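Enquirer: My structure is in work.txt, and what it holds is compact mmCIF, C-alpha atoms:
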# COMPACT_ATOMS: atom_id res chain seq x y z
CA MET A 96 82.46 155.74 231.90
CA SER A 97 80.89 154.38 228.77
CA SER A 98 78.01 155.72 226.73
CA GLU A 99 74.42 154.54 226.98
CA VAL A 100 75.10 153.17 223.52
CA GLU A 101 77.10 151.17 226.06
CA THR A 102 78.96 151.19 227.48
CA SER A 103 92.25 150.49 230.39
CA ARG A 104 92.96 147.67 229.43
CA ASP A 105 96.65 148.10 228.65
CA LEU A 106 98.30 146.39 225.68
CA THR A 107 100.09 143.83 227.85
CA PHE A 108 96.82 142.38 229.13
CA ARG A 109 95.44 142.13 225.60
CA GLN A 110 98.55 140.37 224.34
CA LEU A 111 98.67 137.91 227.23
CA ASN A 112 95.03 136.94 226.82
CA GLY A 113 94.85 136.81 223.04
CA ILE A 114 92.67 139.91 222.71
CA PRO A 115 93.25 141.77 219.47
CA PRO A 116 94.49 145.34 219.81
CA LEU A 117 91.93 148.11 219.46
CA ARG A 118 91.77 149.97 216.18
CA PHE A 119 91.41 153.72 216.17
CA ALA A 120 89.26 156.23 214.33
CA SER A 121 90.71 159.21 212.51
CA LEU A 122 90.01 162.49 214.28
CA GLY A 123 89.52 164.43 211.07
CA MET A 124 88.42 168.06 210.99
CA THR A 125 85.22 169.04 212.77
CA THR A 126 83.38 172.25 213.52
CA PRO A 127 82.54 173.03 217.17
CA LEU A 128 79.62 171.00 218.46
CA PHE A 129 77.83 173.95 220.09
CA ALA A 130 77.04 177.45 218.81
CA ALA A 131 77.19 178.65 222.43
CA LEU A 132 78.20 176.98 225.67
CA HIS A 133 77.83 177.91 229.33
CA VAL A 134 80.79 176.86 231.49
CA TYR A 135 80.51 176.04 235.18
CA HIS A 136 83.73 175.69 237.17
CA ASP A 137 82.22 174.11 240.29
CA ASN A 138 85.29 174.31 242.52
CA ALA A 139 83.55 173.57 245.82
CA PRO A 140 83.76 169.80 246.35
CA HIS A 141 80.44 168.00 246.84
CA SER A 142 79.28 164.62 248.07
CA ALA A 143 78.71 161.99 245.41
CA ALA A 144 74.94 162.29 245.77
CA MET A 145 75.05 166.08 245.43
CA ASN A 146 77.25 165.92 242.33
CA MET A 147 74.77 163.62 240.61
CA ALA A 148 71.88 165.79 241.76
CA ILE A 149 73.41 169.02 240.41
CA ASP A 150 73.85 167.40 237.01
CA GLU A 151 70.20 166.38 236.88
CA ALA A 152 69.05 169.79 238.13
CA LEU A 153 71.10 171.50 235.42
CA LEU A 154 69.39 169.30 232.83
CA GLU A 155 65.96 170.23 234.17
CA HIS A 156 66.67 173.97 233.95
CA ALA A 157 68.86 174.11 230.83
CA ALA A 158 68.12 176.65 228.11
CA VAL A 159 71.64 176.65 226.59
CA PRO A 160 74.16 173.77 226.36
CA SER A 161 76.52 173.72 229.32
CA ILE A 162 79.60 171.97 230.64
CA ARG A 163 80.26 171.65 234.36
CA PHE A 164 83.63 170.67 235.82
CA TYR A 165 83.40 169.39 239.39
CA GLN A 166 85.18 167.85 242.33
CA TRP A 167 84.44 165.25 244.99
CA TYR A 168 84.36 165.90 248.74
CA SER A 169 86.00 162.52 249.38
CA PRO A 170 87.13 159.54 247.28
CA ALA A 171 84.03 158.28 245.52
CA LEU A 172 82.76 155.51 243.29
CA SER A 173 79.92 155.82 240.82
CA LEU A 174 78.20 152.91 239.14
CA GLY A 175 75.94 153.08 236.12
CA TYR A 176 72.17 153.04 236.37
CA PHE A 177 72.04 149.35 235.42
CA GLY A 178 74.96 148.29 237.62
CA LYS A 179 74.68 145.83 240.52
CA PHE A 180 75.25 147.17 244.02
CA ALA A 181 76.75 143.82 245.06
CA ASP A 182 79.66 144.51 242.72
CA VAL A 183 80.72 147.61 244.69
CA ALA A 184 79.41 146.89 248.20
CA SER A 185 82.90 146.16 249.54
CA TYR A 186 83.89 149.78 248.86
CA ALA A 187 81.19 151.23 251.11
CA GLY A 188 83.57 151.77 254.03
CA GLU A 189 86.20 153.66 252.07
CA ARG A 190 84.46 155.48 249.22
CA ASP A 191 81.34 157.58 248.81
CA LEU A 192 79.13 155.36 246.67
CA VAL A 193 76.48 156.63 244.28
CA ARG A 194 74.39 155.25 241.44
CA ARG A 195 74.42 157.47 238.36
CA TRP A 196 71.31 158.31 236.36
CA THR A 197 73.38 157.60 233.25
CA GLY A 198 74.47 154.15 232.09
CA GLY A 199 77.93 152.63 231.90
CA GLY A 200 80.11 150.85 234.40
CA ILE A 201 82.13 151.50 237.55
CA VAL A 202 84.24 154.65 237.84
CA LEU A 203 86.55 155.59 240.72
CA HIS A 204 86.60 159.32 241.42
CA GLY A 205 88.87 161.64 243.36
CA ASP A 206 91.94 162.18 241.23
CA ASP A 207 90.05 162.47 237.96
CA LEU A 208 88.69 165.51 236.13
CA THR A 209 84.95 164.96 236.13
CA TYR A 210 82.57 166.88 233.91
CA SER A 211 78.98 166.87 232.75
CA ILE A 212 77.54 168.21 229.52
CA VAL A 213 73.88 169.20 229.31
CA ILE A 214 72.16 169.70 225.96
CA PRO A 215 68.58 171.04 226.15
CA ALA A 216 66.06 169.54 223.75
CA SER A 217 65.69 172.95 222.09
CA ASP A 218 69.33 172.97 220.92
CA ALA A 219 70.26 171.74 217.44
CA ALA A 220 72.85 169.32 218.83
CA PHE A 221 70.11 167.39 220.66
CA GLY A 222 68.85 166.21 217.27
CA GLU A 223 72.06 164.28 216.66
CA SER A 224 72.35 160.64 217.69
CA SER A 225 73.74 159.81 221.10
CA ILE A 226 76.85 158.16 219.65
CA SER A 227 77.45 161.15 217.37
CA ILE A 228 77.40 163.51 220.37
CA TYR A 229 79.62 161.13 222.35
CA GLU A 230 82.12 160.95 219.50
CA LYS A 231 82.17 164.70 218.81
CA VAL A 232 82.77 165.52 222.48
CA HIS A 233 85.66 163.06 222.60
CA ARG A 234 87.10 164.31 219.30
CA ALA A 235 87.24 167.78 220.80
CA LEU A 236 88.97 166.44 223.92
CA ALA A 237 91.43 164.34 221.91
CA LYS A 238 92.46 167.38 219.88
CA VAL A 239 93.22 169.21 223.12
CA PHE A 240 95.51 166.37 224.16
CA ILE A 241 97.16 166.33 220.73
CA ALA A 242 97.81 170.08 220.93
CA ASN A 243 99.55 169.40 224.23
CA GLY A 244 101.87 166.82 222.66
CA ASN A 245 99.96 163.61 223.43
CA ARG A 246 99.15 161.04 220.73
CA ALA A 247 95.46 160.79 221.52
CA GLU A 248 93.13 158.66 219.41
CA LEU A 249 89.51 157.49 219.48
CA THR A 250 88.67 153.81 219.56
CA SER A 251 86.81 152.54 216.51
CA VAL A 252 83.79 150.27 216.48
CA ALA A 253 85.98 147.26 215.68
CA ALA A 254 85.34 144.13 217.78
CA VAL A 255 84.08 146.02 220.83
CA SER A 256 81.55 143.44 221.97
CA ASP A 257 83.92 140.57 221.23
CA CYS A 258 86.64 142.35 223.18
CA ARG A 259 84.34 142.70 226.20
CA ASN A 260 83.47 139.00 226.12
CA ARG A 261 87.13 138.03 225.97
CA ILE A 262 88.04 140.31 228.85
CA ASP A 263 85.22 138.79 230.93
CA SER A 264 86.54 135.33 230.15
CA ALA A 265 90.17 136.26 230.89
CA VAL A 266 89.34 137.86 234.24
CA GLY A 267 87.24 134.91 235.35
CA ASP A 268 83.75 134.59 236.80
CA ARG A 269 81.85 137.50 238.34
CA HIS A 270 83.17 137.05 241.89
CA TYR A 271 85.82 139.79 242.17
CA SER A 272 88.13 140.99 244.87
CA LYS A 273 88.93 144.68 245.30
CA ALA A 274 92.32 144.09 243.78
CA ALA A 275 90.65 142.78 240.62
CA ILE A 276 88.20 145.62 240.12
CA ASN A 277 90.54 147.42 237.73
CA ASP A 278 90.66 144.32 235.54
CA ARG A 279 86.94 143.64 235.27
CA ALA A 280 84.69 144.38 232.33
CA ASP A 281 82.38 146.50 234.52
CA ASN A 282 85.21 148.97 235.21
CA CYS A 283 84.86 151.65 232.55
CA PHE A 284 88.57 152.46 232.48
CA ALA A 285 89.49 148.81 231.99
CA ASN A 286 87.11 148.54 229.06
CA PRO A 287 87.36 150.96 226.13
CA VAL A 288 84.34 151.22 223.86
CA ARG A 289 83.72 153.02 220.59
CA ALA A 290 84.86 156.67 220.57
CA ASP A 291 86.61 156.60 223.95
CA VAL A 292 89.84 158.61 224.14
CA MET A 293 93.05 156.57 224.23
CA ILE A 294 96.66 157.60 224.79
CA ALA A 295 99.48 155.05 224.40
CA GLY A 296 96.98 152.18 224.35
CA ARG A 297 95.24 153.22 227.56
CA LYS A 298 91.78 154.67 227.99
CA VAL A 299 91.97 158.16 229.50
CA ALA A 300 88.42 159.43 228.93
CA GLY A 301 85.00 157.85 228.81
CA ALA A 302 81.46 158.98 229.45
CA ALA A 303 77.87 157.89 230.00
CA GLN A 304 74.66 159.40 228.70
CA ARG A 305 71.00 159.81 229.55
CA ARG A 306 68.51 161.13 227.02
CA ALA A 307 65.26 162.58 228.38
CA ARG A 308 62.47 164.74 227.00
CA SER A 309 64.13 167.81 228.48
CA GLY A 310 67.50 167.10 226.89
CA LEU A 311 70.63 164.97 227.04
CA LEU A 312 73.07 164.55 229.93
CA GLN A 313 76.59 163.25 229.36
CA GLN A 314 78.75 162.59 232.42
CA GLY A 315 82.44 162.06 231.77
CA SER A 316 85.68 161.30 233.56
CA ILE A 317 89.26 162.02 232.48
CA GLN A 318 91.98 160.16 234.35
CA GLY A 319 95.40 158.59 234.10
CA VAL A 320 96.79 161.63 232.28
CA GLU A 321 97.99 165.14 233.14
CA ILE A 322 94.87 167.20 233.79
CA GLY A 323 96.55 170.51 234.56
CA ASN A 324 97.62 173.26 232.16
CA GLY A 325 94.13 174.70 231.85
CA LEU A 326 92.63 171.50 230.45
CA PRO A 327 89.01 172.37 231.42
CA ASP A 328 89.09 175.72 229.61
CA ARG A 329 90.82 174.29 226.56
CA PHE A 330 88.27 171.46 226.43
CA ALA A 331 85.39 173.94 226.62
CA ARG A 332 86.90 176.08 223.85
CA ALA A 333 87.18 173.02 221.63
CA LEU A 334 83.43 172.47 222.03
CA SER A 335 82.36 176.04 221.24
CA ALA A 336 83.86 179.34 220.18
CA ASN A 337 81.18 181.20 222.13
CA LEU A 338 81.71 180.57 225.85
CA ARG A 339 80.05 182.20 228.82
CA GLU A 340 81.21 181.40 232.34
CA ARG A 341 78.35 180.92 234.77
CA LYS A 342 77.78 180.15 238.45
CA ILE A 343 75.20 177.67 239.64
CA ASN A 344 72.26 179.66 241.00
CA GLU A 345 70.20 178.97 244.09
CA THR A 346 67.25 177.64 242.13
CA ILE A 347 69.40 174.85 240.72
CA LEU A 348 71.15 174.24 244.03
CA ASN A 349 67.86 173.98 245.91
CA ARG A 350 66.54 171.50 243.36
CA ALA A 351 69.80 169.55 243.60
CA ARG A 352 69.54 169.38 247.39
CA GLU A 353 66.07 167.95 247.00
CA LEU A 354 67.27 165.35 244.49
CA ALA A 355 70.25 164.43 246.67
CA GLN A 356 68.03 163.90 249.70
CA CYS A 357 65.14 162.11 248.01
CA LYS A 358 66.97 160.20 245.27
CA TYR A 359 70.75 159.96 244.95
CA GLY A 360 71.49 159.87 248.67
CA THR A 361 68.95 157.17 249.47
CA ASP A 362 69.70 153.53 250.11
CA SER A 363 66.80 152.51 247.89
CA TRP A 364 68.36 154.27 244.87
CA LEU A 365 71.86 152.98 245.55
CA ARG A 366 70.72 149.38 246.06
CA ARG A 367 67.96 149.28 243.45
CA ARG A 368 69.81 146.52 241.59
Go ahead and render the structure in this file as structure tokens.

Expert:
Amino acid sequence: MSSEVETSRDLTFRQLNGIPPLRFASLGMTTPLFAALHVYHDNAPHSAAMNMAIDEALLEHAAVPSIRFYQWYSPALSLGYFGKFADVASYAGERDLVRRWTGGGIVLHGDDLTYSIVIPASDAAFGESSISIYEKVHRALAKVFIANGNRAELTSVAAVSDCRNRIDSAVGDRHYSKAAINDRADNCFANPVRADVMIAGRKVAGAAQRRARSGLLQQGSIQGVEIGNGLPDRFARALSANLRERKINETILNRARELAQCKYGTDSWLRRR
């Protein structure tokens, strides 16, 4: 996923198509982003529509920043709010399709570690810019990877838009086969942007955001890297020293069911563009 600031290409593709290699930002030393953080380990797999609905319901009811780790009932595909349904229509028979409320591109789900972060408007972190939040979340994640022996880095701002244009040109026009979806500029994990997490030249974590009056929602995916060894808990601890594990209550679940039925699970929402 890529941020609403907008939203992996491996090094071989860049070299073959004359695309300059990405430059990386120093991780530096940072304090935890949140003074306190609620952690939801949502281990019961949900449909794509229900997963999106729970995230929005959590944002509506948030009083404290939270991170939710979740799973998918079946292989799924999410496209950003501004994405075109025609670009993913061919997957309808084999993946659970859903349009996110957040921006960004196409993300394949199933083997990834998916998470959402909710920051209520009352929290100090909400006052930071969207890109600052995006970067700080990914710095925390990158440090977890580094502690586990991986050489994780964040992409810098250098030549991001130019890189996207060159990838579009190298892939060809906008008529793609399924086999080409991993090479297209709309695929978040084929298209690193500023502050995404990279390991060995490949994007392993990206996210998308939505800022509303009630707060900020960041939905992220981690893939193409080992996601075991307690990664969710270590990620949460890197975001805050004051964690409290929570379970999603019935109020939130009931609101999520309503959103899944009336919004995320509808054809009108999925095909709106």

Enquirer: How far is it from atom CA of A:Asp207 to atom CA of A:Asn146, in Å with one decimal?

Expert: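 That distance, rounded to one decimal, is 14.0 Å.
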
Enquirer: For A:Gly315, which of A:Asp137, A:Glu340, A:Asp150, A:Glu248 is the closest residue, counting only C-alpha atoms?

Expert: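 The closest residue to A:Gly315 is A:Asp150.
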
Enquirer: Between A:Ala143, A:Ala242, A:Ala171, A:Ala235, which residue has the minimum interatomic distance to A:Val292, considering only C-alpha atoms?

Expert: A:Ala235

Enquirer: Write out as a list in words which residues come within 12 Å of A:Leu354 when counting all atoms listed in the file, dropping same-chain ones fewer than 2 positions away.

Expert: Ala143, Ala144, Met145, Asn146, Met147, Ala148, Ile149, Asp150, Glu151, Ala152, Leu153, Glu155, Trp196, Ile347, Leu348, Asn349, Arg350, Ala351, Arg352, Gln356, Cys357, Lys358, Tyr359, Gly360, Thr361 and Trp364 of chain A

Enquirer: Under the rule that all atoms listed in the file are counted, which of A:Val232, A:Leu154, A:Leu128, A:Val239 is the nearest residue to A:Arg305?

Expert: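 For A:Arg305, the nearest of the candidates is A:Leu154.
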
Enquirer: Just how far from atom CA of A:Val159 is atom CA of A:Ala131, in Å to one decimal?

Expert: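 We find that atom CA of A:Ala131 and atom CA of A:Val159 lie 7.2 Å from each other.
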
Enquirer: Within 8 Å of A:Tyr210, counting all atoms listed in the file, which residues qualify if same-chain residues fewer than 3 places away don't, as an MDAnalysis selection string?

Expert: chainID A and resid 162:165 314:316

Enquirer: Quick one: residues within 12 Å of A:Ser224, only C-alpha atoms, excluding same-chain residues fewer than 2 positions away - as a PDB file with C-alpha atoms, in the frame of the given file?

Expert:
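The new file result.pdb reads:
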ATOM      1  CA  SER A  98      78.010 155.720 226.730  1.00  0.00           C
ATOM      2  CA  GLU A  99      74.420 154.540 226.980  1.00  0.00           C
ATOM      3  CA  VAL A 100      75.100 153.170 223.520  1.00  0.00           C
ATOM      4  CA  ALA A 219      70.260 171.740 217.440  1.00  0.00           C
ATOM      5  CA  ALA A 220      72.850 169.320 218.830  1.00  0.00           C
ATOM      6  CA  PHE A 221      70.110 167.390 220.660  1.00  0.00           C
ATOM      7  CA  GLY A 222      68.850 166.210 217.270  1.00  0.00           C
ATOM      8  CA  ILE A 226      76.850 158.160 219.650  1.00  0.00           C
ATOM      9  CA  SER A 227      77.450 161.150 217.370  1.00  0.00           C
ATOM     10  CA  ILE A 228      77.400 163.510 220.370  1.00  0.00           C
ATOM     11  CA  TYR A 229      79.620 161.130 222.350  1.00  0.00           C
ATOM     12  CA  GLU A 230      82.120 160.950 219.500  1.00  0.00           C
ATOM     13  CA  LYS A 231      82.170 164.700 218.810  1.00  0.00           C
ATOM     14  CA  GLN A 304      74.660 159.400 228.700  1.00  0.00           C
ATOM     15  CA  ARG A 305      71.000 159.810 229.550  1.00  0.00           C
ATOM     16  CA  ARG A 306      68.510 161.130 227.020  1.00  0.00           C
ATOM     17  CA  LEU A 311      70.630 164.970 227.040  1.00  0.00           C
TER      18      LEU A 311
END

Enquirer: Considering all atoms listed in the file, can you say which of A:Leu312, A:Leu236, A:Ala295, A:Ala336 comes closest to A:Ala130?

Expert: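 Result for the nearest residue to A:Ala130: A:Ala336.
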
Enquirer: At a cut-off of 10 Å around the point (83.2, 181.0, 230.4) (file coordinates), what residues fall inside when counting all atoms listed in the file? I'd like the answer as a ChimeraX atom specification.

Expert: /A:132-136,161-162,328,331-332,337-342

Enquirer: One decimal, Å: what's the distance from atom CA of A:Ser217 over to atom CA of A:Ala157, could you say?

Expert: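 Spanning atom CA of A:Ser217 to atom CA of A:Ala157 is a straight-line distance of 9.4 Å.
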